[in-house]
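Student: Handing you a structure now.
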Amino acid sequence: MRKRLKQAGLTFLSLLAVVIAFAGYAYLIAQSGNRSAFVGYVGLAIVCLVTYLAAARWIERRVPTEFSLHHALPALGAGLLGGIAMFSAVMAILWAAGAYRAEGWAELDAAGIALALVLWFAVAVQEEILYRGLLFRLCSKIAGTWGALLLSAALFGASHVLNPGWTLAGLFSVALAGVFLGAAYAATGRLWLPIGLHAGWNFTQGSVFGLQVSGNNVGSGLITGSLNGPDYLTGGRFGPEATIAAVIVVIAVAAYLVWRTEKLGRTEPPIWSATEPASDNAT
């Protein structure tokens, strides 16, 4: 128990270091008046990543295996394709239900699409470091893997309460996304897969279909279309993440990843359990 408490304490210090670095960079950007999305999002991602790696080395005194470069590109690519497929499945369900109507293709802007993908990856890196790399690991040292899934997912959902047009359905859906992203981390012991899934989902939602991402309007996408119908099929102002279709897709993927985590034995018991962890995938 003493070892687990020490690990939790050191992880908390790493979390504190990343939050301070994040807030410091955000303050400098605000003071400079620079409104460049690239400088903002990509800069924040770099600051978070560098601080996280440094904290793992110098505060926690460990090798940050969750960012191991071994098979990093395949995992990142699989996550990206998986996120694209997941949100495409959401839109296919909404189209079949008569809630979504595609109206045509927008003019292709290859440079703009590439920049959008970079920005979505930057957002994913920031959030996955904070919620899976830090909060999930911290919670797992106390409440075990399953408790960490629920706690970190609840915090992930609650963090969107300031987003435009938020609803309880939207926050619940985001929390469910936190479960499947946390399970993706637990199943692999790496952050590459959840980063790819996160980026692929947001990219498809905002830059392919041109829809709100967690209530935020991000402009037009490759496909022009509209959502019409009751809120459970449109998500209201929060967007399609708050639809029943998104809940169905996310629950299905989360269930598979949870099953996969259990099958691989990559679970950690709560601190009050006498059972020794089968593996320490979150070190």
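Labels used: A, B, ... for chains in the order of the structure tokens, numbers from 1 for residues in each chain, and numbers from 1 for ligands as shown.
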Report as JSON, numbers by chain all protein, DNA and RNA residues lying within 6 Å of stretch 121-123 of chain A, evaluated on only C-alpha atoms, omitting residues in the same chain fewer than 6 positions from it.
Tutor: {"A": [41, 42, 45, 199]}
Student: Might you pull out every residue within 10 Å of A:Gly170, with only C-alpha atoms counted and same-chain residues fewer than 6 positions away left off, and present them as a PyMOL selection string?
Tutor: chain A and resi 157+160-161+163+176+214-215+232+235-243+246-247
Student: Store the residues picked out above in a file with N, CA and C atoms, as an mmCIF file, in the first residue's frame.
Tutor:
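Listing of result_31.cif after writing:
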```
data_model
loop_
_atom_site.group_PDB
_atom_site.id
_atom_site.type_symbol
_atom_site.label_atom_id
_atom_site.label_comp_id
_atom_site.auth_asym_id
_atom_site.auth_seq_id
_atom_site.Cartn_x
_atom_site.Cartn_y
_atom_site.Cartn_z
ATOM 1 N N GLY A 157 -16.100 14.138 -18.677
ATOM 2 C CA GLY A 157 -17.413 14.653 -19.037
ATOM 3 C C GLY A 157 -17.710 15.983 -18.372
ATOM 4 N N HIS A 160 -16.522 19.437 -19.685
ATOM 5 C CA HIS A 160 -17.166 20.053 -20.846
ATOM 6 C C HIS A 160 -18.405 20.863 -20.458
ATOM 7 N N VAL A 161 -18.601 21.079 -19.150
ATOM 8 C CA VAL A 161 -19.805 21.773 -18.702
ATOM 9 C C VAL A 161 -19.806 23.249 -19.125
ATOM 10 N N ASN A 163 -18.768 24.193 -22.112
ATOM 11 C CA ASN A 163 -18.882 24.252 -23.569
ATOM 12 C C ASN A 163 -20.225 24.821 -23.994
ATOM 13 N N LEU A 176 -18.877 8.857 -21.500
ATOM 14 C CA LEU A 176 -18.759 7.524 -22.099
ATOM 15 C C LEU A 176 -17.541 7.449 -23.015
ATOM 16 N N SER A 214 -18.463 18.942 -29.563
ATOM 17 C CA SER A 214 -18.768 19.222 -28.151
ATOM 18 C C SER A 214 -19.291 20.644 -27.968
ATOM 19 N N GLY A 215 -20.193 21.041 -28.866
ATOM 20 C CA GLY A 215 -20.820 22.358 -28.771
ATOM 21 C C GLY A 215 -20.090 23.475 -29.477
ATOM 22 N N TYR A 232 -32.546 14.014 -29.471
ATOM 23 C CA TYR A 232 -31.840 12.749 -29.317
ATOM 24 C C TYR A 232 -31.284 12.227 -30.638
ATOM 25 N N GLY A 235 -28.694 16.067 -31.281
ATOM 26 C CA GLY A 235 -27.797 16.526 -30.228
ATOM 27 C C GLY A 235 -28.026 17.966 -29.837
ATOM 28 N N GLY A 236 -28.974 18.643 -30.493
ATOM 29 C CA GLY A 236 -29.230 20.043 -30.182
ATOM 30 C C GLY A 236 -27.999 20.902 -30.451
ATOM 31 N N ARG A 237 -27.798 21.921 -29.654
ATOM 32 C CA ARG A 237 -26.664 22.834 -29.844
ATOM 33 C C ARG A 237 -25.321 22.169 -29.549
ATOM 34 N N PHE A 238 -25.349 21.081 -28.774
ATOM 35 C CA PHE A 238 -24.094 20.415 -28.419
ATOM 36 C C PHE A 238 -23.536 19.621 -29.594
ATOM 37 N N GLY A 239 -24.400 19.237 -30.538
ATOM 38 C CA GLY A 239 -23.942 18.501 -31.707
ATOM 39 C C GLY A 239 -24.162 17.004 -31.596
ATOM 40 N N PRO A 240 -23.765 16.255 -32.620
ATOM 41 C CA PRO A 240 -24.079 14.827 -32.710
ATOM 42 C C PRO A 240 -23.483 13.956 -31.625
ATOM 43 N N GLU A 241 -22.522 14.470 -30.857
ATOM 44 C CA GLU A 241 -21.997 13.676 -29.742
ATOM 45 C C GLU A 241 -23.067 13.402 -28.694
ATOM 46 N N ALA A 242 -24.105 14.252 -28.658
ATOM 47 C CA ALA A 242 -25.168 14.094 -27.666
ATOM 48 C C ALA A 242 -26.330 13.258 -28.194
ATOM 49 N N THR A 243 -26.150 12.582 -29.327
ATOM 50 C CA THR A 243 -27.226 11.778 -29.904
ATOM 51 C C THR A 243 -27.177 10.343 -29.398
ATOM 52 N N ALA A 246 -24.445 8.263 -31.137
ATOM 53 C CA ALA A 246 -23.096 8.340 -30.571
ATOM 54 C C ALA A 246 -22.981 7.458 -29.337
ATOM 55 N N VAL A 247 -24.015 7.469 -28.492
ATOM 56 C CA VAL A 247 -24.011 6.636 -27.285
ATOM 57 C C VAL A 247 -23.897 5.154 -27.652
#
```
Student: Which residues of stretch 173-281 of chain A come within 7 Å of stretch 102-120 of chain A, and for each one, what is the closest pair of atoms and their distance in Å to one decimal, counting only C-alpha atoms, sorted by chain and residue number, as JSON lines?
Tutor:
```
{"residue": "A:Ala199", "atom": "CA", "partner": "A:Trp120", "partner_atom": "CA", "distance": 5.2}
{"residue": "A:Asn202", "atom": "CA", "partner": "A:Trp120", "partner_atom": "CA", "distance": 6.6}
{"residue": "A:Phe203", "atom": "CA", "partner": "A:Trp120", "partner_atom": "CA", "distance": 6.1}
{"residue": "A:Ser207", "atom": "CA", "partner": "A:Ala116", "partner_atom": "CA", "distance": 6.8}
{"residue": "A:Gly221", "atom": "CA", "partner": "A:Ala106", "partner_atom": "CA", "distance": 6.9}
{"residue": "A:Leu222", "atom": "CA", "partner": "A:Ala106", "partner_atom": "CA", "distance": 5.0}
{"residue": "A:Ile223", "atom": "CA", "partner": "A:Trp105", "partner_atom": "CA", "distance": 4.7}
{"residue": "A:Thr224", "atom": "CA", "partner": "A:Glu103", "partner_atom": "CA", "distance": 5.4}
{"residue": "A:Gly225", "atom": "CA", "partner": "A:Ala102", "partner_atom": "CA", "distance": 4.2}
{"residue": "A:Ser226", "atom": "CA", "partner": "A:Ala102", "partner_atom": "CA", "distance": 6.7}
```
Student: Do you have the atom CA of A:Gly189-atom CA of A:Arg260 distance handy?
Tutor: 12.2 Å
Student: So, counting only C-alpha atoms, which residue among A:Gly182, A:Gly229, A:Gly144, A:Gly200 is closest to A:Ser273?
Tutor: A:Gly144
Student: Using only C-alpha atoms, can you tell me which of A:Phe87, A:Trp146, A:Phe180, A:Phe12 comes closest to A:Gly206?
Tutor: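 Closest candidate: A:Phe87.
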